[in-house]
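Text of the file entry_3.cif, holding mmCIF, C-alpha atoms:
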data_model
#
loop_
_atom_site.label_atom_id
_atom_site.label_comp_id
_atom_site.auth_asym_id
_atom_site.auth_seq_id
_atom_site.Cartn_x
_atom_site.Cartn_y
_atom_site.Cartn_z
CA MET A 1 -19.92 30.42 168.75
CA PRO A 2 -22.96 30.31 171.08
CA HIS A 3 -26.29 30.05 169.30
CA LEU A 4 -28.09 32.12 171.94
CA THR A 5 -27.53 35.85 172.12
CA PRO A 6 -29.02 38.89 173.80
CA ASP A 7 -28.04 41.01 170.81
CA PRO A 8 -29.99 41.95 167.67
CA LEU A 9 -29.47 39.47 164.82
CA VAL A 10 -27.36 40.73 161.95
CA LEU A 11 -28.20 38.85 158.80
CA HIS A 12 -25.19 39.84 156.74
CA GLN A 13 -22.85 38.57 159.47
CA LEU A 14 -24.57 35.18 159.39
CA LEU A 15 -24.44 35.07 155.60
CA ALA A 16 -20.71 35.77 155.79
CA GLU A 17 -20.29 32.90 158.28
CA VAL A 18 -21.73 30.30 155.93
CA ALA A 19 -20.68 31.63 152.52
CA ALA A 20 -18.20 29.52 150.56
CA PRO A 21 -17.09 29.52 146.93
CA ARG A 22 -18.56 26.07 146.30
CA CYS A 23 -21.95 27.08 147.73
CA GLY A 24 -24.19 28.67 145.11
CA GLY A 25 -27.39 28.50 147.13
CA LEU A 26 -27.96 30.47 150.31
CA CYS A 27 -31.25 30.24 152.16
CA ALA A 28 -32.05 32.48 155.14
CA PHE A 29 -35.03 32.21 157.45
CA LEU A 30 -35.87 34.95 159.95
CA GLY A 31 -38.60 34.61 162.53
CA THR A 32 -39.82 37.98 163.81
CA VAL A 33 -41.98 39.10 166.73
CA ARG A 34 -45.48 39.27 165.34
CA ASP A 35 -48.36 41.55 166.27
CA GLY A 36 -51.09 40.12 164.09
CA PRO A 37 -54.79 41.02 164.05
CA GLY A 38 -55.60 38.41 166.68
CA ASP A 39 -52.53 38.96 168.82
CA GLY A 40 -53.87 41.81 170.96
CA GLY A 41 -51.29 44.57 170.52
CA VAL A 42 -48.01 42.74 171.14
CA THR A 43 -45.25 45.25 171.83
CA GLY A 44 -42.51 42.68 172.32
CA ILE A 45 -41.63 39.21 173.53
CA GLU A 46 -39.45 38.34 176.49
CA TYR A 47 -37.52 35.18 175.60
CA SER A 48 -35.98 32.88 178.18
CA ALA A 49 -34.31 29.50 177.87
CA TYR A 50 -32.81 26.54 179.63
CA GLU A 51 -29.61 27.83 178.16
CA ALA A 52 -27.26 24.88 178.59
CA MET A 53 -29.79 22.46 177.13
CA ALA A 54 -30.86 24.86 174.38
CA GLU A 55 -27.24 25.19 173.21
CA ALA A 56 -26.81 21.41 173.35
CA GLU A 57 -30.08 20.77 171.50
CA LEU A 58 -29.14 23.30 168.80
CA ASP A 59 -25.78 21.56 168.43
CA ARG A 60 -27.58 18.23 168.02
CA ILE A 61 -29.95 19.68 165.40
CA LEU A 62 -27.04 21.13 163.43
CA ALA A 63 -25.18 17.80 163.64
CA GLU A 64 -28.24 15.97 162.29
CA ALA A 65 -28.65 18.47 159.46
CA SER A 66 -24.95 18.15 158.60
CA ARG A 67 -25.31 14.36 158.38
CA GLN A 68 -28.33 14.66 156.10
CA TRP A 69 -26.95 17.49 153.92
CA ARG A 70 -23.22 16.82 154.03
CA GLU A 71 -22.13 19.90 152.11
CA ALA A 72 -24.37 22.30 154.01
CA ARG A 73 -22.86 25.16 155.99
CA ILE A 74 -25.33 26.29 158.63
CA ALA A 75 -25.54 29.10 161.17
CA VAL A 76 -28.27 29.56 163.79
CA ARG A 77 -28.94 32.36 166.28
CA HIS A 78 -31.78 32.78 168.72
CA ARG A 79 -32.23 35.92 170.77
CA LEU A 80 -32.98 35.91 174.48
CA GLY A 81 -34.39 38.76 176.56
CA LEU A 82 -36.72 41.43 175.25
CA VAL A 83 -37.24 41.47 171.49
CA PRO A 84 -39.45 44.37 170.29
CA ALA A 85 -42.24 43.71 167.79
CA GLU A 86 -41.07 43.28 164.19
CA GLU A 87 -37.46 42.50 165.16
CA ALA A 88 -36.04 39.06 164.41
CA SER A 89 -35.90 36.57 167.27
CA VAL A 90 -34.42 33.66 165.33
CA ALA A 91 -32.26 33.26 162.23
CA VAL A 92 -31.28 30.15 160.30
CA VAL A 93 -28.87 30.56 157.41
CA VAL A 94 -27.78 27.71 155.15
CA ALA A 95 -25.36 27.60 152.25
CA THR A 96 -25.18 24.58 149.93
CA PRO A 97 -23.90 23.97 146.42
CA HIS A 98 -27.47 24.02 145.02
CA ARG A 99 -30.69 25.66 146.17
CA ALA A 100 -32.88 22.62 146.85
CA ASP A 101 -30.66 21.43 149.68
CA ALA A 102 -30.42 24.95 151.14
CA PHE A 103 -34.22 25.23 151.35
CA ALA A 104 -34.59 21.71 152.76
CA ALA A 105 -31.90 22.03 155.41
CA CYS A 106 -33.14 25.47 156.48
CA ARG A 107 -36.68 24.12 156.85
CA TYR A 108 -35.44 21.15 158.85
CA VAL A 109 -33.47 23.30 161.27
CA ILE A 110 -36.23 25.84 162.00
CA ASP A 111 -38.85 23.09 162.36
CA GLU A 112 -36.66 21.17 164.83
CA ILE A 113 -35.95 24.38 166.78
CA LYS A 114 -39.69 24.87 167.20
CA ARG A 115 -40.17 21.27 168.23
CA ARG A 116 -37.24 20.59 170.56
CA VAL A 117 -35.31 23.59 171.85
CA PRO A 118 -36.21 24.66 175.42
CA ILE A 119 -37.02 28.31 174.85
CA TRP A 120 -40.07 30.16 176.16
CA LYS A 121 -41.73 33.42 175.34
CA LYS A 122 -43.83 35.84 177.30
CA GLU A 123 -45.80 38.21 175.07
CA LEU A 124 -45.94 41.76 176.36
CA ARG A 125 -48.97 43.85 175.36
CA ALA A 126 -49.67 47.54 175.04
CA ASP A 127 -52.25 47.32 177.87
CA GLY A 128 -49.55 46.20 180.32
CA THR A 129 -50.53 42.53 180.44
CA ALA A 130 -48.22 39.65 179.70
CA THR A 131 -48.98 36.09 178.56
CA TRP A 132 -46.86 32.97 178.42
CA VAL A 133 -47.20 31.58 174.91
CA ASP A 134 -48.26 27.96 174.63
CA PRO A 135 -48.14 26.89 170.98
CA SER A 136 -50.39 23.95 171.86
CA GLY A 137 -53.13 26.54 172.18
CA HIS A 138 -53.70 27.37 175.81
CA PRO A 139 -52.21 30.78 176.64
CA SER A 140 -52.17 31.57 180.33
CA MET A 141 -52.45 35.10 181.66
CA VAL A 142 -49.80 36.10 184.12
CA GLY A 143 -51.24 39.52 184.85
CA PRO A 144 -49.69 42.97 184.68
CA ARG A 145 -45.96 42.80 184.35
CA MET B 146 -29.00 -3.38 187.28
CA GLU B 147 -29.34 -4.27 190.96
CA THR B 148 -29.96 -1.41 193.34
CA ALA B 149 -28.64 -1.64 196.86
CA ILE B 150 -31.34 -1.74 199.49
CA GLY B 151 -31.79 1.69 201.00
CA ALA B 152 -29.93 3.44 198.20
CA THR B 153 -31.08 6.97 197.48
CA ALA B 154 -30.57 9.56 194.79
CA THR B 155 -30.35 13.28 195.34
CA VAL B 156 -31.54 15.05 192.22
CA ARG B 157 -31.37 18.70 191.26
CA VAL B 158 -34.77 19.87 190.00
CA ARG B 159 -34.95 22.91 187.76
CA PHE B 160 -38.01 24.97 186.85
CA PHE B 161 -38.29 27.31 183.92
CA ALA B 162 -40.51 30.11 182.64
CA ARG B 163 -44.13 29.69 183.81
CA TYR B 164 -43.25 26.67 185.94
CA ALA B 165 -40.63 28.70 187.82
CA GLU B 166 -43.25 31.35 188.51
CA LEU B 167 -45.75 28.75 189.73
CA ALA B 168 -43.19 26.94 191.90
CA GLY B 169 -41.83 30.21 193.20
CA ARG B 170 -38.31 28.97 192.59
CA ALA B 171 -35.87 28.22 189.79
CA GLU B 172 -34.45 25.07 191.37
CA GLY B 173 -34.34 22.78 194.36
CA THR B 174 -33.16 19.32 195.35
CA VAL B 175 -35.10 16.21 196.24
CA THR B 176 -33.88 12.89 197.60
CA LEU B 177 -35.65 9.72 196.55
CA GLY B 178 -35.33 6.05 197.31
CA LEU B 179 -34.07 4.00 194.37
CA PRO B 180 -35.18 2.84 191.93
CA ALA B 181 -36.89 6.09 190.92
CA THR B 182 -38.04 7.64 187.67
CA VAL B 183 -38.53 11.14 186.32
CA ALA B 184 -42.22 10.76 187.21
CA ASP B 185 -41.24 10.14 190.83
CA VAL B 186 -39.16 13.32 190.81
CA VAL B 187 -42.12 15.27 189.40
CA ALA B 188 -44.47 13.86 192.04
CA ARG B 189 -42.03 14.70 194.83
CA ALA B 190 -41.47 18.22 193.50
CA ARG B 191 -45.22 18.85 193.29
CA ALA B 192 -45.60 17.74 196.91
CA GLU B 193 -42.48 19.49 198.22
CA TRP B 194 -43.09 23.08 197.19
CA PRO B 195 -46.57 24.61 197.56
CA GLY B 196 -46.75 26.43 194.24
CA ALA B 197 -45.38 23.42 192.39
CA ALA B 198 -48.64 21.58 193.02
CA ALA B 199 -50.05 23.68 190.17
CA LEU B 200 -47.63 22.05 187.71
CA PRO B 201 -49.04 19.33 185.48
CA ALA B 202 -48.56 15.79 186.75
CA ALA B 203 -46.99 14.81 183.42
CA PRO B 204 -44.93 17.76 182.17
CA LEU B 205 -42.31 17.75 179.47
CA ALA B 206 -39.03 16.86 181.16
CA ALA B 207 -35.30 16.67 180.52
CA VAL B 208 -32.58 14.75 182.32
CA ASN B 209 -29.05 16.07 182.12
CA ARG B 210 -29.95 18.44 179.26
CA ARG B 211 -31.73 15.88 177.08
CA HIS B 212 -35.43 15.35 176.57
CA ALA B 213 -36.54 12.41 178.68
CA ARG B 214 -39.63 10.29 179.09
CA LEU B 215 -41.28 10.23 182.49
CA ASP B 216 -40.46 6.55 182.95
CA LEU B 217 -36.70 7.11 182.60
CA ALA B 218 -34.75 6.04 185.68
CA VAL B 219 -32.88 8.75 187.54
CA ALA B 220 -29.56 8.43 189.33
CA ASP B 221 -27.81 10.32 192.08
CA GLY B 222 -26.55 13.67 190.85
CA ASP B 223 -28.93 13.93 187.89
CA GLU B 224 -30.37 17.26 186.84
CA VAL B 225 -34.08 16.95 186.10
CA ALA B 226 -35.69 19.93 184.36
CA LEU B 227 -39.44 20.45 184.11
CA LEU B 228 -40.22 22.23 180.87
CA PRO B 229 -43.35 24.23 180.04
CA PRO B 230 -44.66 23.85 176.47
CA LEU B 231 -41.76 24.89 174.22
CA ALA B 232 -42.17 28.15 172.35
CA GLY B 233 -38.91 28.95 170.61
CA GLY B 234 -38.67 30.73 167.29
#

As structure tokens - that is how I would like this structure written.
Amino acid sequence: MPHLTPDPLVLHQLLAEVAAPRCGGLCAFLGTVRDGPGDGGVTGIEYSAYEAMAEAELDRILAEASRQWREARIAVRHRLGLVPAEEASVAVVVATPHRADAFAACRYVIDEIKRRVPIWKKELRADGTATWVDPSGHPSMVGPR
Amino acid sequence: METAIGATATVRVRFFARYAELAGRAEGTVTLGLPATVADVVARARAEWPGAAALPAAPLAAVNRRHARLDLAVADGDEVALLPPLAGG
């Protein structure tokens, strides 16, 4: 199953993918499109990716997590295209026999996604401007969209 | 590994997100004399296409869909991608 999708993320479908009788701990992380006090009226984010590499990198992250937490069952989805404010752009769902491993594996996967997967976001604002997001702290205006 | 004198590599260069906007293109090809590194591909790309001059001299890069250091050697047929700061999640 591809990890990248243009479609809204459906949490219960992901939970069903990883659920297993032996797994008593399920941990789900959702990242949503934020419009915080300092974010300037974000109405949505346009996500794009180097899709072939992003899929490969996500596969590598899941393989690493599976080596570290051998009983973990993990599902990941990341949306591409326009995601309106407050909707989820990324989901990581992990099932393990006990909760500690579910939390740890889920944290590992989302942190590695942030660090390694070639995905970019352009924040769209209510005033018609758009900005490429640079998590290293230097947003660059790209003007009216 | 010995490289034949006069050998060249033709490399597919891909641009994404803000870099594609700056370069005014999503991809192109460059041909370099060997040996050559990712840094050589970046330098050639920045010289080849006007808008690409605005790209950083040392961007994040990938070769054949894996993160790569700028001193990695490239070979004929490689796909070199120049990646703006990653912002997934």

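Proximity of A:Ala16, A:Val83, A:Cys23, A:Ala52 to chain B, computed with all atoms listed in the file, is greatest for A:Ala52.
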
Could you work out which residues of chain A fall inside 10 Å of chain B? Count only C-alpha atoms, and format the result as a count of residues only.
46

Just checking: using all atoms listed in the file, which residue out of B:Leu205, B:Ala197, B:Arg191, B:Val225 ends up closest to Ala165 (chain B)?
B:Ala197

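Taken over the whole file, the PyMOL selection byres ((chain A and resi 96) around 7) covers exactly Cys23, Gly24, Gly25, Leu26, Glu71, Ala72, Arg73, Val94, Ala95, Pro97, His98, Arg99, Asp101 and Ala102 of chain A.
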
Work out how far CA of Val93 (chain A) is from CA of Glu17 (chain A), in Å to one decimal.
8.9 Å

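Distance-wise, CA of Gly151 (chain B) and CA of Ala181 (chain B) end up 12.1 Å apart.
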
Do you have the CA of Ala198 (chain B)-CA of Ala213 (chain B) distance handy?
20.9 Å

Do a neighbour search on Asp35 (chain A) at 12 Å with all atoms listed in the file, toss out local chain neighbours closer than 6 positions, and write the hits as a PyMOL selection string.
chain A and resi 41-45+84-87+123-126

Using the chain letters and numbering of this document, enumerate as an MDAnalysis selection string the residues selected by the PyMOL selection byres ((chain B and resi 180) around 8).
chainID B and resid 148 178:179 181:182 218:219

Residues of the last selection are to be written out with C-alpha atoms, as a CSV table (one decimal), in the frame of the given file.
chain,number,residue,atom,x,y,z
B,148,THR,CA,-30.0,-1.4,193.3
B,178,GLY,CA,-35.3,6.0,197.3
B,179,LEU,CA,-34.1,4.0,194.4
B,181,ALA,CA,-36.9,6.1,190.9
B,182,THR,CA,-38.0,7.6,187.7
B,218,ALA,CA,-34.8,6.0,185.7
B,219,VAL,CA,-32.9,8.8,187.5

Once you add 5 Å to each side, what are the centre and edge lengths of the axis-aligned box holding all listed atoms of region 169-182 of chain B? One decimal in Å, as AutoDock Vina command-line options, if you can.
--center_x -37.5 --center_y 16.5 --center_z 192.6 --size_x 18.7 --size_y 37.4 --size_z 19.9

Applying 9 Å and all atoms listed in the file, which residues near Ala190 (chain B) remain after dropping the ones on its own chain fewer than 5 positions away? List them as a ChimeraX atom specification.
/B:158,173-175,185,197-198

Using all atoms listed in the file and a cutoff of 7 Å, can you tell me which residues are near (-41.9, 26.3, 194.2) in the file's coordinates, and write them out as a list in words?
Ala165, Leu167, Ala168, Gly169, Arg170, Trp194, Pro195, Gly196 and Ala197 of chain B

Deliver the residues from the most recent selection as a file, using C-alpha atoms, as a compact mmCIF listing (two decimals), in the frame of the given file.
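Produced file part30.txt, reproduced below:
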# COMPACT_ATOMS: atom_id res chain seq x y z
CA ALA B 165 -40.63 28.70 187.82
CA LEU B 167 -45.75 28.75 189.73
CA ALA B 168 -43.19 26.94 191.90
CA GLY B 169 -41.83 30.21 193.20
CA ARG B 170 -38.31 28.97 192.59
CA TRP B 194 -43.09 23.08 197.19
CA PRO B 195 -46.57 24.61 197.56
CA GLY B 196 -46.75 26.43 194.24
CA ALA B 197 -45.38 23.42 192.39

Could you add the missing atoms to region 209-229 of chain B, up to N, CA and C atoms, and return them as a compact mmCIF listing (two decimals), in the coordinates of the input?
# COMPACT_ATOMS: atom_id res chain seq x y z
N ASN B 209 -30.41 15.74 182.53
CA ASN B 209 -29.05 16.07 182.12
C ASN B 209 -29.00 16.67 180.71
N ARG B 210 -29.91 17.62 180.48
CA ARG B 210 -29.95 18.44 179.26
C ARG B 210 -30.38 17.68 178.01
N ARG B 211 -31.12 16.58 178.21
CA ARG B 211 -31.73 15.88 177.08
C ARG B 211 -33.18 15.60 177.40
N HIS B 212 -34.03 15.71 176.37
CA HIS B 212 -35.43 15.35 176.57
C HIS B 212 -35.52 13.93 177.11
N ALA B 213 -36.44 13.72 178.05
CA ALA B 213 -36.54 12.41 178.68
C ALA B 213 -38.00 12.05 178.92
N ARG B 214 -38.29 10.78 178.76
CA ARG B 214 -39.63 10.29 179.09
C ARG B 214 -39.77 10.21 180.61
N LEU B 215 -41.04 10.23 181.05
CA LEU B 215 -41.28 10.23 182.49
C LEU B 215 -40.92 8.91 183.15
N ASP B 216 -40.80 7.85 182.35
CA ASP B 216 -40.46 6.55 182.95
C ASP B 216 -38.95 6.29 182.96
N LEU B 217 -38.16 7.28 182.56
CA LEU B 217 -36.70 7.11 182.60
C LEU B 217 -36.22 7.06 184.05
N ALA B 218 -35.31 6.14 184.32
CA ALA B 218 -34.75 6.04 185.68
C ALA B 218 -33.80 7.20 185.93
N VAL B 219 -33.82 7.69 187.17
CA VAL B 219 -32.88 8.75 187.54
C VAL B 219 -31.82 8.18 188.48
N ALA B 220 -30.68 8.86 188.48
CA ALA B 220 -29.56 8.43 189.33
C ALA B 220 -29.10 9.60 190.18
N ASP B 221 -28.33 9.28 191.20
CA ASP B 221 -27.81 10.32 192.08
C ASP B 221 -27.02 11.35 191.27
N GLY B 222 -27.29 12.61 191.54
CA GLY B 222 -26.55 13.67 190.85
C GLY B 222 -27.19 14.15 189.56
N ASP B 223 -28.28 13.50 189.14
CA ASP B 223 -28.93 13.93 187.89
C ASP B 223 -29.53 15.32 188.04
N GLU B 224 -29.65 15.99 186.90
CA GLU B 224 -30.37 17.26 186.84
C GLU B 224 -31.65 17.02 186.06
N VAL B 225 -32.78 17.17 186.74
CA VAL B 225 -34.08 16.95 186.10
C VAL B 225 -34.74 18.32 185.91
N ALA B 226 -35.07 18.64 184.66
CA ALA B 226 -35.69 19.93 184.36
C ALA B 226 -37.14 19.70 183.94
N LEU B 227 -38.03 20.52 184.48
CA LEU B 227 -39.44 20.45 184.11
C LEU B 227 -39.72 21.61 183.15
N LEU B 228 -40.17 21.26 181.96
CA LEU B 228 -40.22 22.23 180.87
C LEU B 228 -41.66 22.56 180.49
N PRO B 229 -42.06 23.83 180.58
CA PRO B 229 -43.35 24.23 180.04
C PRO B 229 -43.38 23.98 178.52
